[in-house]
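Here the structure comes first, spelled out in C-alpha cells, and everything after it is commentary.
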Amino acid sequence: RHATPGAMYAHTPNRDWETDSALPTGSQVCQDIATQLISSMESGKIKVAFGGGRAGFRTAEKGGNRLENDLLSKWKEGGGGYIETTGELLDMDYESKDKVLGLFSDSKMNYEVDRDTSRGGQPSLAEMSFGAIRKLQEEDKGFLLMVEGARIDDGHHENKAKMALEETLALGQSC
C-alpha cells in the first residue's frame, strides 16, 4: 500500500502522500504515489498493478480525492487496460501484451473474511497474484512480481489478531 511502493517505483519523503490532495502546501514539486504509479506503468517499468486505493486516482468530481488530473481517466484514454471486479479479473485477456491496472476498492482492500467473494466483488490476494502471473508469464525477459499482504499489518495495528492471521493465511495461498 503506501510503504511498499518505495521499494518498487515511488520516491517520496512521506508514505502518506498517496494522492495529490495529501501533499502539504508548497510540496507540489513532489509527485504523489498514485501519479508515480501511472508514470511507471506508462513507461513500461510496471505492466500489471492490482490493489485498492481507487479514490487516490480519481478527482472529487468522479468520486475520488484528487485535486487535479483524474489519473484513471488519463490511463484509460491512453489505452491502458483497467479492471475493478473479480469477474473482470477472471475474464481478462491474459494473452494481450497490454498493461493492466486493477483498482478493486476506493480505499484499502477489505479484510479477506469481509470481502465480497462474488464476481462483482474484490478478488482475493491469491486471485490477484495468479492473475498477474498468468498475465506476465509470457514476458520475453521474465518478470518480477511483488505481492504485499498489507492488511496483515493493519490487523495488528487495529488489535485484530484474527484478521491478521486470516490475512497471513491468504498471503500464504498467493504463493
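Going by the C-alpha cells order, chains are called A, B, ..., each with residues numbered from 1, while ligands are numbered from 1 in the order shown.
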
Could I get the residues of region 15-96 of chain A with an atom no further than 10 Å from an atom of region 138-145 of chain A, each paired with its nearest atom pair and that distance in Å to one decimal, using only C-alpha atoms, sorted by chain and residue number, as CSV?
```
residue,atom,partner,partner_atom,distance
A:Ile46,CA,A:Leu144,CA,9.5
A:Lys47,CA,A:Phe143,CA,9.5
A:Val48,CA,A:Leu145,CA,8.9
A:Ala49,CA,A:Leu145,CA,9.6
A:Tyr94,CA,A:Glu138,CA,9.6
A:Glu95,CA,A:Glu138,CA,8.1
A:Ser96,CA,A:Glu138,CA,9.8
```

Next item on the list: Can you pull out every residue within 10 Å of Leu71 (chain A), counting only C-alpha atoms, but drop anything in the same chain fewer than 5 positions away, and send it as a list in words?
Entry: Ala34, Thr35, Leu37, Ile38, Ser39, Arg54, Gly56, Phe57, Arg58, Thr59, Arg66, Lys76 and Glu77 of chain A

Please dump the current selection as a PDB file, in the first residue's frame; keep N, CA, C and O atoms.
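File written: out-v5.pdb
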```pdb
ATOM      1  N   ALA A  34       0.320   7.851  -6.382  1.00  0.00           N
ATOM      2  CA  ALA A  34      -0.554   7.419  -7.482  1.00  0.00           C
ATOM      3  C   ALA A  34      -0.023   7.914  -8.828  1.00  0.00           C
ATOM      4  O   ALA A  34       0.011   7.163  -9.813  1.00  0.00           O
ATOM      5  N   THR A  35       0.417   9.163  -8.882  1.00  0.00           N
ATOM      6  CA  THR A  35       0.981   9.714 -10.117  1.00  0.00           C
ATOM      7  C   THR A  35       2.225   8.939 -10.530  1.00  0.00           C
ATOM      8  O   THR A  35       2.420   8.624 -11.710  1.00  0.00           O
ATOM      9  N   LEU A  37       2.886   5.824  -9.860  1.00  0.00           N
ATOM     10  CA  LEU A  37       2.492   4.504 -10.365  1.00  0.00           C
ATOM     11  C   LEU A  37       2.070   4.597 -11.822  1.00  0.00           C
ATOM     12  O   LEU A  37       2.522   3.809 -12.664  1.00  0.00           O
ATOM     13  N   ILE A  38       1.221   5.554 -12.143  1.00  0.00           N
ATOM     14  CA  ILE A  38       0.773   5.710 -13.534  1.00  0.00           C
ATOM     15  C   ILE A  38       1.965   6.007 -14.441  1.00  0.00           C
ATOM     16  O   ILE A  38       2.087   5.431 -15.528  1.00  0.00           O
ATOM     17  N   SER A  39       2.879   6.855 -14.019  1.00  0.00           N
ATOM     18  CA  SER A  39       4.079   7.147 -14.812  1.00  0.00           C
ATOM     19  C   SER A  39       4.913   5.890 -15.040  1.00  0.00           C
ATOM     20  O   SER A  39       5.417   5.659 -16.143  1.00  0.00           O
ATOM     21  N   ARG A  54      -8.524   3.249  -5.266  1.00  0.00           N
ATOM     22  CA  ARG A  54      -9.068   3.900  -6.461  1.00  0.00           C
ATOM     23  C   ARG A  54      -9.325   5.391  -6.250  1.00  0.00           C
ATOM     24  O   ARG A  54      -9.098   6.204  -7.153  1.00  0.00           O
ATOM     25  N   GLY A  56      -7.675   7.590  -4.806  1.00  0.00           N
ATOM     26  CA  GLY A  56      -6.455   8.361  -4.992  1.00  0.00           C
ATOM     27  C   GLY A  56      -6.098   8.619  -6.444  1.00  0.00           C
ATOM     28  O   GLY A  56      -5.202   9.402  -6.741  1.00  0.00           O
ATOM     29  N   PHE A  57      -6.819   7.972  -7.355  1.00  0.00           N
ATOM     30  CA  PHE A  57      -6.587   8.138  -8.788  1.00  0.00           C
ATOM     31  C   PHE A  57      -7.673   8.990  -9.443  1.00  0.00           C
ATOM     32  O   PHE A  57      -7.534   9.373 -10.586  1.00  0.00           O
ATOM     33  N   ARG A  58      -8.779   9.233  -8.698  1.00  0.00           N
ATOM     34  CA  ARG A  58      -9.935   9.953  -9.245  1.00  0.00           C
ATOM     35  C   ARG A  58     -10.053  11.333  -8.614  1.00  0.00           C
ATOM     36  O   ARG A  58      -9.756  11.522  -7.435  1.00  0.00           O
ATOM     37  N   THR A  59     -10.541  12.286  -9.392  1.00  0.00           N
ATOM     38  CA  THR A  59     -10.822  13.617  -8.845  1.00  0.00           C
ATOM     39  C   THR A  59     -12.119  13.559  -8.036  1.00  0.00           C
ATOM     40  O   THR A  59     -12.900  12.619  -8.170  1.00  0.00           O
ATOM     41  N   ARG A  66      -8.612  13.293  -5.464  1.00  0.00           N
ATOM     42  CA  ARG A  66      -7.554  14.068  -6.117  1.00  0.00           C
ATOM     43  C   ARG A  66      -8.023  15.505  -6.335  1.00  0.00           C
ATOM     44  O   ARG A  66      -9.200  15.751  -6.583  1.00  0.00           O
ATOM     45  N   LYS A  76      -7.024   5.317 -18.912  1.00  0.00           N
ATOM     46  CA  LYS A  76      -7.922   4.642 -19.855  1.00  0.00           C
ATOM     47  C   LYS A  76      -7.903   5.330 -21.225  1.00  0.00           C
ATOM     48  O   LYS A  76      -7.903   4.652 -22.250  1.00  0.00           O
ATOM     49  N   GLU A  77      -7.866   6.663 -21.245  1.00  0.00           N
ATOM     50  CA  GLU A  77      -7.816   7.405 -22.515  1.00  0.00           C
ATOM     51  C   GLU A  77      -6.534   7.092 -23.283  1.00  0.00           C
ATOM     52  O   GLU A  77      -6.512   7.125 -24.508  1.00  0.00           O
TER      53      GLU A  77
END
```

Next item on the list: Considering only C-alpha atoms, return as JSON, numbers by chain whatever protein or nucleic-acid residues lie within 10 Å of region 3-7 of chain A, sequence-local ones (same chain, fewer than 6 positions apart) excluded.
Entry: {"A": [13, 14, 15, 16, 18, 33, 34, 36, 37, 146, 147, 148, 150]}

Using N, CA and C atoms, can you write the selected residues to a file as a short mmCIF file (atom, residue, chain, number, x, y, z; two decimals), in the first residue's frame?
```
data_model
loop_
_atom_site.label_atom_id
_atom_site.label_comp_id
_atom_site.auth_asym_id
_atom_site.auth_seq_id
_atom_site.Cartn_x
_atom_site.Cartn_y
_atom_site.Cartn_z
N PRO A 13 9.07 11.67 0.25
CA PRO A 13 9.55 11.84 1.62
C PRO A 13 8.52 11.41 2.67
N ASN A 14 7.29 11.10 2.23
CA ASN A 14 6.25 10.73 3.18
C ASN A 14 5.34 9.66 2.58
N ARG A 15 5.24 8.52 3.23
CA ARG A 15 4.47 7.41 2.68
C ARG A 15 2.98 7.67 2.64
N ASP A 16 2.51 8.70 3.31
CA ASP A 16 1.09 9.04 3.27
C ASP A 16 0.73 9.93 2.08
N GLU A 18 -0.16 9.56 -0.81
CA GLU A 18 -0.70 8.63 -1.81
C GLU A 18 -1.37 9.34 -2.98
N ILE A 33 2.20 9.35 -4.84
CA ILE A 33 2.46 7.94 -5.16
C ILE A 33 1.60 7.46 -6.33
N ALA A 34 0.32 7.85 -6.38
CA ALA A 34 -0.55 7.42 -7.48
C ALA A 34 -0.02 7.91 -8.83
N GLN A 36 3.05 8.60 -9.56
CA GLN A 36 4.27 7.84 -9.87
C GLN A 36 3.95 6.44 -10.37
N LEU A 37 2.89 5.82 -9.86
CA LEU A 37 2.49 4.50 -10.37
C LEU A 37 2.07 4.60 -11.82
N MET A 146 5.85 -8.50 -7.13
CA MET A 146 5.88 -8.16 -5.71
C MET A 146 4.45 -8.29 -5.19
N VAL A 147 4.27 -9.12 -4.18
CA VAL A 147 2.95 -9.32 -3.57
C VAL A 147 3.02 -8.83 -2.13
N GLU A 148 2.07 -8.00 -1.75
CA GLU A 148 2.03 -7.49 -0.38
C GLU A 148 0.72 -7.86 0.28
N ALA A 150 -0.95 -6.28 2.81
CA ALA A 150 -0.98 -5.06 3.62
C ALA A 150 -1.93 -5.15 4.81
#
```

Next item on the list: Counting only C-alpha atoms, figure out which residue out of A:Val100, A:Ala22, A:Leu171, A:Met41 gets nearest to Asn65 (chain A).
Entry: A:Ala22

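Restricting the calculation to only C-alpha atoms, the smallest distance between Gln137 (chain A) and any of A:Ser43, A:Lys97, A:Leu90, A:Gly102 is found for A:Lys97.
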
Note to self: If you run DSSP on the backbone here, which positions in chain A get strand (DSSP E or B)? Please write them as a ChimeraX atom specification.
What the structure shows: /A:48-51,59,66,81-83,100-103

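Take the candidates A:Asp106, A:Asp116, A:Glu61, A:Glu68 and check each one against Ser21 (chain A) using only C-alpha atoms; the shortest distance goes to A:Glu68.
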
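Take the candidates A:Asp70, A:Asp91, A:Ser40, A:Glu84 and check each one against Gly121 (chain A) using only C-alpha atoms; the shortest distance goes to A:Glu84.
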
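Minimum atom-to-atom distances from A:Leu89, A:Leu169, A:Leu72, A:Met109 to Glu127 (chain A) were compared using only C-alpha atoms, and the lowest value belongs to A:Leu89.
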
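Nearest to Leu125 (chain A) of all the residues A:Ala170, A:Ile152, A:Leu103, A:Ile83 is A:Ala170, counting only C-alpha atoms.
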
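In this model, the gap between CA of Gly64 (chain A) and CA of Gln28 (chain A) comes to 19.0 Å.
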
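Of note, CA of Ala55 (chain A) and CA of Lys108 (chain A) are spaced 10.0 Å apart.
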
Checklist line | Secondary structure check, alpha helix (DSSP H) residues of region 10-118 of chain A, as a PyMOL selection string | finding: chain A and resi 33-43+71-77+86-91

Expected file contents, prior selection, N, CA and C atoms, as a short mmCIF file (atom, residue, chain, number, x, y, z; two decimals), in the first residue's frame:
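The file below, out.cif, is the result:
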```cif
data_model
loop_
_atom_site.label_atom_id
_atom_site.label_comp_id
_atom_site.auth_asym_id
_atom_site.auth_seq_id
_atom_site.Cartn_x
_atom_site.Cartn_y
_atom_site.Cartn_z
N ILE A 33 2.20 9.35 -4.84
CA ILE A 33 2.46 7.94 -5.16
C ILE A 33 1.60 7.46 -6.33
N ALA A 34 0.32 7.85 -6.38
CA ALA A 34 -0.55 7.42 -7.48
C ALA A 34 -0.02 7.91 -8.83
N THR A 35 0.42 9.16 -8.88
CA THR A 35 0.98 9.71 -10.12
C THR A 35 2.22 8.94 -10.53
N GLN A 36 3.05 8.60 -9.56
CA GLN A 36 4.27 7.84 -9.87
C GLN A 36 3.95 6.44 -10.37
N LEU A 37 2.89 5.82 -9.86
CA LEU A 37 2.49 4.50 -10.37
C LEU A 37 2.07 4.60 -11.82
N ILE A 38 1.22 5.55 -12.14
CA ILE A 38 0.77 5.71 -13.53
C ILE A 38 1.96 6.01 -14.44
N SER A 39 2.88 6.86 -14.02
CA SER A 39 4.08 7.15 -14.81
C SER A 39 4.91 5.89 -15.04
N SER A 40 5.05 5.08 -14.01
CA SER A 40 5.82 3.84 -14.14
C SER A 40 5.14 2.85 -15.07
N MET A 41 3.83 2.85 -15.07
CA MET A 41 3.10 1.97 -15.98
C MET A 41 3.18 2.49 -17.42
N GLU A 42 3.04 3.81 -17.59
CA GLU A 42 3.13 4.39 -18.93
C GLU A 42 4.51 4.14 -19.54
N SER A 43 5.55 4.18 -18.73
CA SER A 43 6.91 3.98 -19.25
C SER A 43 7.23 2.50 -19.50
N LEU A 71 -6.33 10.59 -12.82
CA LEU A 71 -5.35 9.65 -13.37
C LEU A 71 -5.99 8.43 -14.01
N LEU A 72 -7.11 8.01 -13.49
CA LEU A 72 -7.78 6.83 -14.05
C LEU A 72 -8.32 7.15 -15.45
N SER A 73 -8.92 8.32 -15.61
CA SER A 73 -9.39 8.72 -16.94
C SER A 73 -8.21 8.84 -17.91
N LYS A 74 -7.14 9.45 -17.45
CA LYS A 74 -5.93 9.61 -18.28
C LYS A 74 -5.40 8.23 -18.70
N TRP A 75 -5.35 7.30 -17.75
CA TRP A 75 -4.85 5.96 -18.03
C TRP A 75 -5.71 5.27 -19.08
N LYS A 76 -7.02 5.32 -18.91
CA LYS A 76 -7.92 4.64 -19.85
C LYS A 76 -7.90 5.33 -21.22
N GLU A 77 -7.87 6.66 -21.25
CA GLU A 77 -7.82 7.41 -22.52
C GLU A 77 -6.53 7.09 -23.28
N THR A 86 -13.72 -8.89 -9.40
CA THR A 86 -13.19 -10.25 -9.55
C THR A 86 -13.56 -10.80 -10.92
N GLY A 87 -14.79 -10.58 -11.34
CA GLY A 87 -15.23 -11.08 -12.65
C GLY A 87 -14.38 -10.53 -13.78
N GLU A 88 -14.07 -9.24 -13.73
CA GLU A 88 -13.24 -8.64 -14.77
C GLU A 88 -11.83 -9.22 -14.73
N LEU A 89 -11.32 -9.51 -13.54
CA LEU A 89 -10.00 -10.14 -13.43
C LEU A 89 -10.03 -11.54 -14.05
N LEU A 90 -11.04 -12.30 -13.74
CA LEU A 90 -11.13 -13.67 -14.26
C LEU A 90 -11.34 -13.70 -15.77
N ASP A 91 -12.04 -12.69 -16.31
CA ASP A 91 -12.35 -12.65 -17.74
C ASP A 91 -11.33 -11.86 -18.56
#
```
